[in-house]
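One file, coords_15.pdb, is given below (PDB, C-alpha atoms and all ligand atoms).
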```pdb
MODEL        1
ATOM      1  CA  MET A1018     118.639 113.023  89.372  1.00  0.00           C
ATOM      2  CA  VAL A1019     121.436 114.777  87.507  1.00  0.00           C
ATOM      3  CA  LYS A1020     123.761 112.221  89.102  1.00  0.00           C
ATOM      4  CA  GLY A1021     121.777 109.233  87.855  1.00  0.00           C
ATOM      5  CA  LEU A1022     123.327 106.231  86.134  1.00  0.00           C
ATOM      6  CA  THR A1023     123.576 106.555  82.392  1.00  0.00           C
ATOM      7  CA  THR A1024     125.064 105.117  79.229  1.00  0.00           C
ATOM      8  CA  ALA A1025     123.185 107.490  76.940  1.00  0.00           C
ATOM      9  CA  ASN A1026     125.898 110.035  76.143  1.00  0.00           C
ATOM     10  CA  LEU A1027     123.291 112.778  75.924  1.00  0.00           C
ATOM     11  CA  GLY A1028     124.707 114.922  78.724  1.00  0.00           C
ATOM     12  CA  PRO A1029     123.223 115.484  82.179  1.00  0.00           C
ATOM     13  CA  PRO A1030     119.504 116.200  82.434  1.00  0.00           C
ATOM     14  CA  ASP A1031     118.222 119.710  83.025  1.00  0.00           C
ATOM     15  CA  TYR A1032     116.499 119.420  86.388  1.00  0.00           C
ATOM     16  CA  GLN A1033     113.884 122.119  85.841  1.00  0.00           C
ATOM     17  CA  LYS A1034     112.949 120.725  82.439  1.00  0.00           C
ATOM     18  CA  ALA A1035     112.757 117.242  83.950  1.00  0.00           C
ATOM     19  CA  LEU A1036     110.325 118.484  86.611  1.00  0.00           C
ATOM     20  CA  ASP A1037     108.222 120.081  83.924  1.00  0.00           C
ATOM     21  CA  GLN A1038     108.194 116.928  81.783  1.00  0.00           C
ATOM     22  CA  HIS A1039     107.324 114.872  84.845  1.00  0.00           C
ATOM     23  CA  ARG A1040     104.366 117.124  85.644  1.00  0.00           C
ATOM     24  CA  LYS A1041     103.056 116.721  82.095  1.00  0.00           C
ATOM     25  CA  TYR A1042     103.544 112.949  82.284  1.00  0.00           C
ATOM     26  CA  VAL A1043     101.442 112.827  85.455  1.00  0.00           C
ATOM     27  CA  GLN A1044      98.788 114.978  83.816  1.00  0.00           C
ATOM     28  CA  ILE A1045      98.610 112.641  80.814  1.00  0.00           C
ATOM     29  CA  LEU A1046      98.250 109.584  83.051  1.00  0.00           C
ATOM     30  CA  GLU A1047      95.353 111.333  84.759  1.00  0.00           C
ATOM     31  CA  GLU A1048      93.792 112.201  81.413  1.00  0.00           C
ATOM     32  CA  CYS A1049      93.995 108.480  80.576  1.00  0.00           C
ATOM     33  CA  GLY A1050      91.791 107.798  83.595  1.00  0.00           C
ATOM     34  CA  LEU A1051      94.398 106.828  86.180  1.00  0.00           C
ATOM     35  CA  GLN A1052      94.543 108.024  89.740  1.00  0.00           C
ATOM     36  CA  VAL A1053      98.151 109.083  90.292  1.00  0.00           C
ATOM     37  CA  CYS A1054      99.994 109.013  93.595  1.00  0.00           C
ATOM     38  CA  VAL A1055     103.114 111.182  93.214  1.00  0.00           C
ATOM     39  CA  LEU A1056     105.889 110.254  95.623  1.00  0.00           C
ATOM     40  CA  ASP A1057     108.147 112.751  97.360  1.00  0.00           C
ATOM     41  CA  ALA A1058     111.594 113.265  95.901  1.00  0.00           C
ATOM     42  CA  ASP A1059     114.268 111.203  97.612  1.00  0.00           C
ATOM     43  CA  ASN A1060     117.570 113.009  97.199  1.00  0.00           C
ATOM     44  CA  ARG A1061     119.563 110.047  98.429  1.00  0.00           C
ATOM     45  CA  TYR A1062     118.785 108.120  95.259  1.00  0.00           C
ATOM     46  CA  PRO A1063     119.360 109.926  91.944  1.00  0.00           C
ATOM     47  CA  ASP A1064     117.657 107.143  89.932  1.00  0.00           C
ATOM     48  CA  SER A1065     114.645 106.816  92.199  1.00  0.00           C
ATOM     49  CA  THR A1066     112.365 108.587  89.741  1.00  0.00           C
ATOM     50  CA  PHE A1067     112.472 105.324  87.756  1.00  0.00           C
ATOM     51  CA  VAL A1068     110.084 103.637  90.166  1.00  0.00           C
ATOM     52  CA  GLU A1069     109.201 100.867  87.744  1.00  0.00           C
ATOM     53  CA  ASP A1070     112.426  99.018  88.525  1.00  0.00           C
ATOM     54  CA  ILE A1071     111.794  98.789  92.261  1.00  0.00           C
ATOM     55  CA  ALA A1072     108.587  96.780  92.356  1.00  0.00           C
ATOM     56  CA  LEU A1073     106.428  94.526  90.251  1.00  0.00           C
ATOM     57  CA  CYS A1074     102.763  95.202  90.880  1.00  0.00           C
ATOM     58  CA  THR A1075     100.561  92.269  89.845  1.00  0.00           C
ATOM     59  CA  SER A1076      96.844  91.756  90.267  1.00  0.00           C
ATOM     60  CA  GLN A1077      97.508  89.486  93.267  1.00  0.00           C
ATOM     61  CA  CYS A1078     100.570  90.833  95.042  1.00  0.00           C
ATOM     62  CA  ALA A1079     103.399  93.366  94.881  1.00  0.00           C
ATOM     63  CA  ILE A1080     106.961  92.099  94.612  1.00  0.00           C
ATOM     64  CA  ILE A1081     109.735  94.347  95.885  1.00  0.00           C
ATOM     65  CA  THR A1082     112.796  93.816  93.723  1.00  0.00           C
ATOM     66  CA  ASN A1083     116.476  93.678  94.588  1.00  0.00           C
ATOM     67  CA  PRO A1084     117.908  96.156  92.039  1.00  0.00           C
ATOM     68  CA  GLY A1085     121.023  95.102  90.183  1.00  0.00           C
ATOM     69  CA  ALA A1086     122.765  98.489  90.540  1.00  0.00           C
ATOM     70  CA  LEU A1087     124.355  99.011  93.962  1.00  0.00           C
ATOM     71  CA  SER A1088     123.410 102.689  94.056  1.00  0.00           C
ATOM     72  CA  ARG A1089     119.721 101.756  93.708  1.00  0.00           C
ATOM     73  CA  LYS A1090     119.385  99.012  96.340  1.00  0.00           C
ATOM     74  CA  GLY A1091     118.172 101.366  99.072  1.00  0.00           C
ATOM     75  CA  GLU A1092     115.228 102.541  96.991  1.00  0.00           C
ATOM     76  CA  THR A1093     113.322  99.414  97.951  1.00  0.00           C
ATOM     77  CA  LEU A1094     112.722 100.312 101.619  1.00  0.00           C
ATOM     78  CA  GLU A1095     110.593 103.349 100.928  1.00  0.00           C
ATOM     79  CA  MET A1096     108.789 101.591  98.079  1.00  0.00           C
ATOM     80  CA  LYS A1097     107.854  98.721 100.361  1.00  0.00           C
ATOM     81  CA  ARG A1098     106.406 101.146 102.879  1.00  0.00           C
ATOM     82  CA  ILE A1099     104.331 102.833 100.181  1.00  0.00           C
ATOM     83  CA  LEU A1100     103.036  99.641  98.595  1.00  0.00           C
ATOM     84  CA  GLU A1101     101.988  98.299 101.981  1.00  0.00           C
ATOM     85  CA  GLY A1102      99.289 100.954 101.777  1.00  0.00           C
ATOM     86  CA  PHE A1103      97.930  99.364  98.593  1.00  0.00           C
ATOM     87  CA  TYR A1104      98.668  95.635  98.838  1.00  0.00           C
ATOM     88  CA  HIS A1105      97.914  92.949 101.392  1.00  0.00           C
ATOM     89  CA  ASP A1106     100.497  90.562  99.953  1.00  0.00           C
ATOM     90  CA  ILE A1107     104.047  91.844  99.495  1.00  0.00           C
ATOM     91  CA  GLU A1108     106.874  89.560  98.388  1.00  0.00           C
ATOM     92  CA  GLU A1109     110.589  90.283  97.989  1.00  0.00           C
ATOM     93  CA  ILE A1110     113.469  89.250  95.742  1.00  0.00           C
ATOM     94  CA  LYS A1111     116.457  88.412  97.911  1.00  0.00           C
ATOM     95  CA  SER A1112     120.254  88.346  97.365  1.00  0.00           C
ATOM     96  CA  PRO A1113     122.057  86.739  95.647  1.00  0.00           C
ATOM     97  CA  GLY A1114     119.079  87.198  93.329  1.00  0.00           C
ATOM     98  CA  THR A1115     118.891  90.586  91.637  1.00  0.00           C
ATOM     99  CA  LEU A1116     116.029  91.905  89.568  1.00  0.00           C
ATOM    100  CA  ASP A1117     115.012  95.260  88.085  1.00  0.00           C
ATOM    101  CA  ALA A1118     111.324  95.242  87.198  1.00  0.00           C
ATOM    102  CA  GLY A1119     112.149  97.169  84.014  1.00  0.00           C
ATOM    103  CA  ASP A1120     113.180  93.668  82.942  1.00  0.00           C
ATOM    104  CA  VAL A1121     109.679  92.325  83.496  1.00  0.00           C
ATOM    105  CA  MET A1122     106.931  92.559  80.884  1.00  0.00           C
ATOM    106  CA  MET A1123     103.395  91.596  81.788  1.00  0.00           C
ATOM    107  CA  VAL A1124     101.263  89.786  79.211  1.00  0.00           C
ATOM    108  CA  ASN A1125      98.012  89.045  81.004  1.00  0.00           C
ATOM    109  CA  GLU A1126      98.975  86.614  83.784  1.00  0.00           C
ATOM    110  CA  HIS A1127     102.340  85.720  82.243  1.00  0.00           C
ATOM    111  CA  TYR A1128     105.533  87.675  82.893  1.00  0.00           C
ATOM    112  CA  PHE A1129     108.544  87.733  80.546  1.00  0.00           C
ATOM    113  CA  ILE A1130     111.727  88.323  82.546  1.00  0.00           C
ATOM    114  CA  GLY A1131     114.889  89.654  80.902  1.00  0.00           C
ATOM    115  CA  ILE A1132     118.226  88.296  82.062  1.00  0.00           C
ATOM    116  CA  SER A1133     120.376  91.410  81.875  1.00  0.00           C
ATOM    117  CA  GLN A1134     123.207  93.261  83.560  1.00  0.00           C
ATOM    118  CA  ARG A1135     120.697  94.048  86.328  1.00  0.00           C
ATOM    119  CA  THR A1136     118.614  90.869  86.569  1.00  0.00           C
ATOM    120  CA  ASN A1137     120.300  87.515  87.151  1.00  0.00           C
ATOM    121  CA  HIS A1138     118.985  83.964  86.815  1.00  0.00           C
ATOM    122  CA  GLU A1139     118.603  83.620  90.586  1.00  0.00           C
ATOM    123  CA  GLY A1140     116.436  86.765  90.750  1.00  0.00           C
ATOM    124  CA  ALA A1141     114.324  85.621  87.799  1.00  0.00           C
ATOM    125  CA  ASP A1142     113.887  82.141  89.302  1.00  0.00           C
ATOM    126  CA  GLN A1143     112.747  83.643  92.606  1.00  0.00           C
ATOM    127  CA  LEU A1144     110.225  85.775  90.737  1.00  0.00           C
ATOM    128  CA  ILE A1145     108.892  82.789  88.775  1.00  0.00           C
ATOM    129  CA  GLU A1146     108.418  80.856  92.011  1.00  0.00           C
ATOM    130  CA  ILE A1147     106.587  83.763  93.650  1.00  0.00           C
ATOM    131  CA  LEU A1148     104.330  84.179  90.603  1.00  0.00           C
ATOM    132  CA  GLN A1149     103.489  80.467  90.577  1.00  0.00           C
ATOM    133  CA  GLY A1150     102.382  80.748  94.197  1.00  0.00           C
ATOM    134  CA  TYR A1151      99.697  83.168  92.980  1.00  0.00           C
ATOM    135  CA  GLN A1152      98.663  81.121  89.893  1.00  0.00           C
ATOM    136  CA  MET A1153     100.695  83.282  87.513  1.00  0.00           C
ATOM    137  CA  THR A1154     103.637  82.282  85.323  1.00  0.00           C
ATOM    138  CA  GLY A1155     107.013  83.638  84.243  1.00  0.00           C
ATOM    139  CA  SER A1156     109.676  82.820  81.665  1.00  0.00           C
ATOM    140  CA  LYS A1157     113.169  84.088  80.996  1.00  0.00           C
ATOM    141  CA  VAL A1158     114.524  85.984  77.984  1.00  0.00           C
ATOM    142  CA  GLN A1159     118.263  86.465  77.560  1.00  0.00           C
ATOM    143  CA  LEU A1160     119.277  90.042  76.750  1.00  0.00           C
ATOM    144  CA  ILE A1161     122.360  90.867  74.698  1.00  0.00           C
ATOM    145  CA  ASN A1162     122.641  94.659  74.395  1.00  0.00           C
ATOM    146  CA  PHE A1163     119.609  96.308  75.931  1.00  0.00           C
ATOM    147  CA  LEU A1164     119.716  97.713  79.479  1.00  0.00           C
ATOM    148  CA  HIS A1165     116.286  96.340  80.345  1.00  0.00           C
ATOM    149  CA  LEU A1166     113.802  94.037  78.611  1.00  0.00           C
ATOM    150  CA  LYS A1167     111.295  96.855  78.273  1.00  0.00           C
ATOM    151  CA  THR A1168     113.897  99.149  76.739  1.00  0.00           C
ATOM    152  CA  GLY A1169     113.361  97.070  73.600  1.00  0.00           C
ATOM    153  CA  VAL A1170     109.880  95.578  73.769  1.00  0.00           C
ATOM    154  CA  SER A1171     106.462  96.744  75.003  1.00  0.00           C
ATOM    155  CA  TYR A1172     103.186  94.840  75.162  1.00  0.00           C
ATOM    156  CA  LEU A1173     100.317  96.917  73.764  1.00  0.00           C
ATOM    157  CA  GLU A1174      97.578  94.388  74.671  1.00  0.00           C
ATOM    158  CA  GLN A1175      95.407  92.553  72.076  1.00  0.00           C
ATOM    159  CA  ASN A1176      98.424  90.365  71.272  1.00  0.00           C
ATOM    160  CA  ASN A1177     100.284  93.376  69.812  1.00  0.00           C
ATOM    161  CA  LEU A1178     103.942  93.729  70.657  1.00  0.00           C
ATOM    162  CA  LEU A1179     106.060  96.770  69.896  1.00  0.00           C
ATOM    163  CA  ILE A1180     109.453  95.276  69.262  1.00  0.00           C
ATOM    164  CA  SER A1181     112.985  96.313  68.315  1.00  0.00           C
ATOM    165  CA  GLY A1182     116.581  95.204  67.818  1.00  0.00           C
ATOM    166  CA  GLU A1183     117.693  91.876  69.237  1.00  0.00           C
ATOM    167  CA  PHE A1184     114.131  90.867  70.177  1.00  0.00           C
ATOM    168  CA  ILE A1185     112.679  90.949  66.666  1.00  0.00           C
ATOM    169  CA  ASN A1186     113.915  87.475  65.772  1.00  0.00           C
ATOM    170  CA  ASN A1187     113.688  85.994  69.263  1.00  0.00           C
ATOM    171  CA  PRO A1188     111.343  82.950  69.045  1.00  0.00           C
ATOM    172  CA  GLU A1189     109.984  83.804  72.552  1.00  0.00           C
ATOM    173  CA  PHE A1190     107.921  86.503  70.839  1.00  0.00           C
ATOM    174  CA  ASP A1191     106.822  84.613  67.727  1.00  0.00           C
ATOM    175  CA  ARG A1192     103.202  84.303  68.809  1.00  0.00           C
ATOM    176  CA  PHE A1193     102.597  88.058  68.868  1.00  0.00           C
ATOM    177  CA  ASN A1194     101.627  90.517  66.136  1.00  0.00           C
ATOM    178  CA  LYS A1195     104.827  92.483  65.875  1.00  0.00           C
ATOM    179  CA  ILE A1196     104.896  96.226  65.391  1.00  0.00           C
ATOM    180  CA  MET A1197     108.482  96.915  64.383  1.00  0.00           C
ATOM    181  CA  VAL A1198     110.574  99.763  65.673  1.00  0.00           C
ATOM    182  CA  HIS A1199     113.409 100.696  63.343  1.00  0.00           C
ATOM    183  CA  LYS A1200     116.937 101.087  64.624  1.00  0.00           C
ATOM    184  CA  ASN A1201     116.964 104.878  64.241  1.00  0.00           C
ATOM    185  CA  GLU A1202     113.857 105.129  66.474  1.00  0.00           C
ATOM    186  CA  GLY A1203     114.936 102.524  69.035  1.00  0.00           C
ATOM    187  CA  TYR A1204     114.040 104.606  72.096  1.00  0.00           C
ATOM    188  CA  ALA A1205     110.350 104.535  71.078  1.00  0.00           C
ATOM    189  CA  ALA A1206     110.231 100.758  71.684  1.00  0.00           C
ATOM    190  CA  ASN A1207     109.463 101.766  75.258  1.00  0.00           C
ATOM    191  CA  SER A1208     105.947 103.063  74.649  1.00  0.00           C
ATOM    192  CA  LEU A1209     103.153 102.642  77.118  1.00  0.00           C
ATOM    193  CA  TRP A1210      99.633 101.248  76.707  1.00  0.00           C
ATOM    194  CA  ILE A1211      97.159 102.810  79.118  1.00  0.00           C
ATOM    195  CA  ASN A1212      93.419 102.175  78.971  1.00  0.00           C
ATOM    196  CA  GLY A1213      93.396 101.671  75.208  1.00  0.00           C
ATOM    197  CA  LYS A1214      95.680 104.575  74.309  1.00  0.00           C
ATOM    198  CA  VAL A1215      99.424 104.412  73.680  1.00  0.00           C
ATOM    199  CA  LEU A1216     101.848 106.982  75.045  1.00  0.00           C
ATOM    200  CA  VAL A1217     104.781 107.414  72.648  1.00  0.00           C
ATOM    201  CA  PRO A1218     107.925 109.445  73.362  1.00  0.00           C
ATOM    202  CA  GLN A1219     108.225 112.645  71.363  1.00  0.00           C
ATOM    203  CA  GLY A1220     110.408 112.614  68.265  1.00  0.00           C
ATOM    204  CA  PHE A1221     109.728 109.187  66.747  1.00  0.00           C
ATOM    205  CA  PRO A1222     107.190 109.778  63.955  1.00  0.00           C
ATOM    206  CA  GLU A1223     107.578 106.471  62.150  1.00  0.00           C
ATOM    207  CA  THR A1224     106.924 104.365  65.254  1.00  0.00           C
ATOM    208  CA  LYS A1225     103.999 106.584  66.214  1.00  0.00           C
ATOM    209  CA  LYS A1226     102.500 106.036  62.749  1.00  0.00           C
ATOM    210  CA  ASN A1227     103.037 102.269  62.933  1.00  0.00           C
ATOM    211  CA  ILE A1228     101.263 102.170  66.292  1.00  0.00           C
ATOM    212  CA  GLU A1229      98.389 104.232  64.917  1.00  0.00           C
ATOM    213  CA  ASN A1230      98.175 101.946  61.878  1.00  0.00           C
ATOM    214  CA  ALA A1231      97.649  99.073  64.306  1.00  0.00           C
ATOM    215  CA  GLY A1232      94.487 100.850  65.481  1.00  0.00           C
ATOM    216  CA  TYR A1233      95.592 102.852  68.514  1.00  0.00           C
ATOM    217  CA  THR A1234      95.196 106.481  69.439  1.00  0.00           C
ATOM    218  CA  THR A1235      98.621 107.769  70.471  1.00  0.00           C
ATOM    219  CA  ILE A1236      99.622 110.539  72.853  1.00  0.00           C
ATOM    220  CA  THR A1237     103.067 112.060  72.397  1.00  0.00           C
ATOM    221  CA  VAL A1238     105.022 112.723  75.576  1.00  0.00           C
ATOM    222  CA  ASP A1239     108.322 114.577  75.889  1.00  0.00           C
ATOM    223  CA  VAL A1240     110.583 112.696  78.287  1.00  0.00           C
ATOM    224  CA  PHE A1241     113.903 113.669  76.755  1.00  0.00           C
ATOM    225  CA  GLU A1242     115.424 114.669  80.109  1.00  0.00           C
ATOM    226  CA  PHE A1243     114.776 111.122  81.334  1.00  0.00           C
ATOM    227  CA  GLN A1244     116.118 109.588  78.122  1.00  0.00           C
ATOM    228  CA  LYS A1245     119.428 111.183  79.125  1.00  0.00           C
ATOM    229  CA  LEU A1246     119.433 108.734  82.066  1.00  0.00           C
ATOM    230  CA  ASP A1247     118.402 105.692  79.979  1.00  0.00           C
ATOM    231  CA  GLY A1248     114.859 105.945  81.336  1.00  0.00           C
ATOM    232  CA  GLY A1249     111.708 105.682  79.270  1.00  0.00           C
ATOM    233  CA  LEU A1250     107.975 106.231  79.585  1.00  0.00           C
ATOM    234  CA  SER A1251     107.256 103.033  81.456  1.00  0.00           C
ATOM    235  CA  CYS A1252     110.096 103.493  83.975  1.00  0.00           C
ATOM    236  CA  LEU A1253     108.523 106.602  85.456  1.00  0.00           C
ATOM    237  CA  SER A1254     105.520 104.918  87.042  1.00  0.00           C
ATOM    238  CA  LEU A1255     104.125 101.754  88.557  1.00  0.00           C
ATOM    239  CA  ARG A1256     100.698 100.950  87.153  1.00  0.00           C
ATOM    240  CA  PHE A1257      98.291  98.691  88.964  1.00  0.00           C
TER
HETATM  241  C1  LIG B1301     119.298 103.152  85.735  1.00  0.00           C
HETATM  242  O1  LIG B1301     120.337 102.965  85.091  1.00  0.00           O
HETATM  243  O2  LIG B1301     118.918 102.362  86.597  1.00  0.00           O
HETATM  244  C2  LIG B1301     118.483 104.391  85.449  1.00  0.00           C
HETATM  245  N1  LIG B1301     119.354 105.452  85.099  1.00  0.00           N
HETATM  246  C3  LIG B1301     117.500 104.135  84.348  1.00  0.00           C
HETATM  247  C4  LIG B1301     116.489 103.113  84.682  1.00  0.00           C
HETATM  248  C5  LIG B1301     115.511 102.930  83.603  1.00  0.00           C
HETATM  249  N2  LIG B1301     114.517 102.012  83.972  1.00  0.00           N
HETATM  250  C6  LIG B1301     113.930 101.174  83.137  1.00  0.00           C
HETATM  251  O3  LIG B1301     114.321 101.060  81.966  1.00  0.00           O
HETATM  252  N3  LIG B1301     112.954 100.430  83.614  1.00  0.00           N
ENDMDL
END
```
Kindly transcribe the structure held in the file into structure tokens.
Ligand code: CIR
Amino acid sequence: MVKGLTTANLGPPDYQKALDQHRKYVQILEECGLQVCVLDADNRYPDSTFVEDIALCTSQCAIITNPGALSRKGETLEMKRILEGFYHDIEEIKSPGTLDAGDVMMVNEHYFIGISQRTNHEGADQLIEILQGYQMTGSKVQLINFLHLKTGVSYLEQNNLLISGEFINNPEFDRFNKIMVHKNEGYAANSLWINGKVLVPQGFPETKKNIENAGYTTITVDVFEFQKLDGGLSCLSLRF
């Protein structure tokens, strides 16, 4: 993982610390009532700990993505094999379409899809067509600066949206109650709702307070070693 893709300028991650933070993350998911299946390390793919990008797990089917970064394309094979153990229906995004599922935000049966450096229109259109085949819907959101859609916006259920930067004034999100994330706490925009609680990355007190003021219990999680690789709380797992 120390060779993972990054724009963060925070230096390479400390592998031992990352393992420790990952263990705690798993423990917290379990404490939130989830059954966690921890995958083996795959040393061929330094970014493969960010499993969220490789598949979209819906209530009806799993969709294996076609990651936008060349170095991540091969991650899909193993993920497909694993998800076949959980899903009857598996779909795939195909070239020239590319899609990272970190660009996909689920709001009930609707999926917002970021058009980014990783996800192109063709990939998003394929996803929308697949979703429609299962009575779900999708719509596109153009990104300007963020790596992934969910780097800057997280759905916390009950119509509450944690939102930052370029998304704050985007009319696509007008219908939500917006919980703002200030510029100096931007990383915390990737927080994670699980069974009524919200996991918030460590070190962002204002955002944590704003989430609590909206009525949630928060759990602080240290994922700084993963922040060094542009990864956040949601990227580290697939929830279904
Ligand atoms: C990458 O650039 O692909 C990884 N270093 C980080 C991926 C983070 N994933 C996400 O935001 N969903």
Option closest in space to ligand LIG 1301 (chain B), from A:His1165, A:Lys1225, A:Arg1192, A:Arg1098 [counting only C-alpha atoms and all ligand atoms]: A:His1165
Shell of 8 Å around A:Leu1255, all atoms listed in the file, local chain residues under 4 positions omitted, as a list of chain:residue names: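 Using all atoms listed in the file, the neighbours found are A:Val1068, A:Glu1069, A:Ala1072, A:Leu1073, A:Cys1074, A:Ser1251.
Atom CA of A:Gly1248 lies 9.4 Å from atom CA of A:Tyr1204.
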Who sits within 8 Å of stretch 1025-1036 of chain A, all atoms listed in the file, same chain under 3 positions skipped, as a PyMOL selection string: chain A and resi 1018-1020+1039-1040+1240+1242-1247
With 6 Å added on each side, what axis-aligned box encloses every listed atom of ligand LIG 1301 (chain B)? Give the centre and edge lengths in Å to one decimal, as AutoDock Vina command-line options.
```
--center_x 116.6 --center_y 102.9 --center_z 84.3 --size_x 19.4 --size_y 17.0 --size_z 16.6
```
Residue neighbourhood A:Leu1148, 10 Å, only C-alpha atoms, exclusion window fewer than 4 positions, as a PyMOL selection string: chain A and resi 1075+1077-1078+1080+1108+1126-1128+1142-1144+1152-1155
Cut-off 10 Å, only C-alpha atoms and all ligand atoms, neighbours of ligand LIG 1301 (chain B) as a VMD selection string: chain A and resid 1018 to 1025 1063 to 1071 1084 to 1089 1117 to 1121 1135 1163 to 1169 1207 1243 to 1254
Nearest candidate to A:Glu1223 (options A:Ile1185, A:Ile1147, A:Ala1206, A:Ile1110; using all atoms listed in the file):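 Under the stated criterion, the closest residue is A:Ala1206.
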Output check: residues returned by the PyMOL selection byres (((chain A and resi 1172) around 8) and not hetatm), as a ChimeraX atom specification: /A:1122-1124,1170-1171,1173-1174,1176-1179,1210
Those same residues - C-alpha atoms - I'd like them written as a PDB file, in the frame of the given file.
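That gives us selection.pdb:
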```
ATOM      1  CA  MET A1122     106.931  92.559  80.884  1.00  0.00           C
ATOM      2  CA  MET A1123     103.395  91.596  81.788  1.00  0.00           C
ATOM      3  CA  VAL A1124     101.263  89.786  79.211  1.00  0.00           C
ATOM      4  CA  VAL A1170     109.880  95.578  73.769  1.00  0.00           C
ATOM      5  CA  SER A1171     106.462  96.744  75.003  1.00  0.00           C
ATOM      6  CA  LEU A1173     100.317  96.917  73.764  1.00  0.00           C
ATOM      7  CA  GLU A1174      97.578  94.388  74.671  1.00  0.00           C
ATOM      8  CA  ASN A1176      98.424  90.365  71.272  1.00  0.00           C
ATOM      9  CA  ASN A1177     100.284  93.376  69.812  1.00  0.00           C
ATOM     10  CA  LEU A1178     103.942  93.729  70.657  1.00  0.00           C
ATOM     11  CA  LEU A1179     106.060  96.770  69.896  1.00  0.00           C
ATOM     12  CA  TRP A1210      99.633 101.248  76.707  1.00  0.00           C
TER      13      TRP A1210
END
```
Selection under test: the PyMOL selection byres (((chain A and resi 1137) around 10) and not hetatm); residues as a VMD selection string: chain A and resid 1085 1113 to 1117 1130 to 1136 1138 to 1142 1159
Residues near stretch 1044-1049 of chain A, cut-off 10 Å, only C-alpha atoms, skip fewer than 5 positions along chain, as a list in words: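 Using only C-alpha atoms, the neighbours found are Gln1038, His1039, Trp1210, Ile1211, Asn1212, Gly1213, Lys1214, Val1215, Leu1216, Ile1236, Thr1237, Val1238, Ser1254 and Arg1256 of chain A.
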Limited to C-alpha atoms, could you put the picked residues into a file as an mmCIF file, in the frame of the given file?
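Once written, selection.cif looks like this:
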```cif
data_model
loop_
_atom_site.group_PDB
_atom_site.id
_atom_site.type_symbol
_atom_site.label_atom_id
_atom_site.label_comp_id
_atom_site.auth_asym_id
_atom_site.auth_seq_id
_atom_site.Cartn_x
_atom_site.Cartn_y
_atom_site.Cartn_z
ATOM 1 C CA GLN A 1038 108.194 116.928 81.783
ATOM 2 C CA HIS A 1039 107.324 114.872 84.845
ATOM 3 C CA TRP A 1210 99.633 101.248 76.707
ATOM 4 C CA ILE A 1211 97.159 102.810 79.118
ATOM 5 C CA ASN A 1212 93.419 102.175 78.971
ATOM 6 C CA GLY A 1213 93.396 101.671 75.208
ATOM 7 C CA LYS A 1214 95.680 104.575 74.309
ATOM 8 C CA VAL A 1215 99.424 104.412 73.680
ATOM 9 C CA LEU A 1216 101.848 106.982 75.045
ATOM 10 C CA ILE A 1236 99.622 110.539 72.853
ATOM 11 C CA THR A 1237 103.067 112.060 72.397
ATOM 12 C CA VAL A 1238 105.022 112.723 75.576
ATOM 13 C CA SER A 1254 105.520 104.918 87.042
ATOM 14 C CA ARG A 1256 100.698 100.950 87.153
#
```
Separation of atom CA of A:His1199 from atom CA of A:Glu1183, in Å and rounded to one decimal: 11.4 Å
Top pick for closest residue to A:Ala1205, considering A:Ile1081, A:Val1217, A:Leu1051, A:Leu1094 and counting only C-alpha atoms: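 Nearest candidate to A:Ala1205 out of A:Ile1081, A:Val1217, A:Leu1051, A:Leu1094: A:Val1217.
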Coordinates-based distance that separates atom CA of A:Lys1195 from atom CA of A:Asn1227 (Å, one decimal):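 According to the coordinates, atom CA of A:Asn1227 and atom CA of A:Lys1195 are separated by 10.4 Å.
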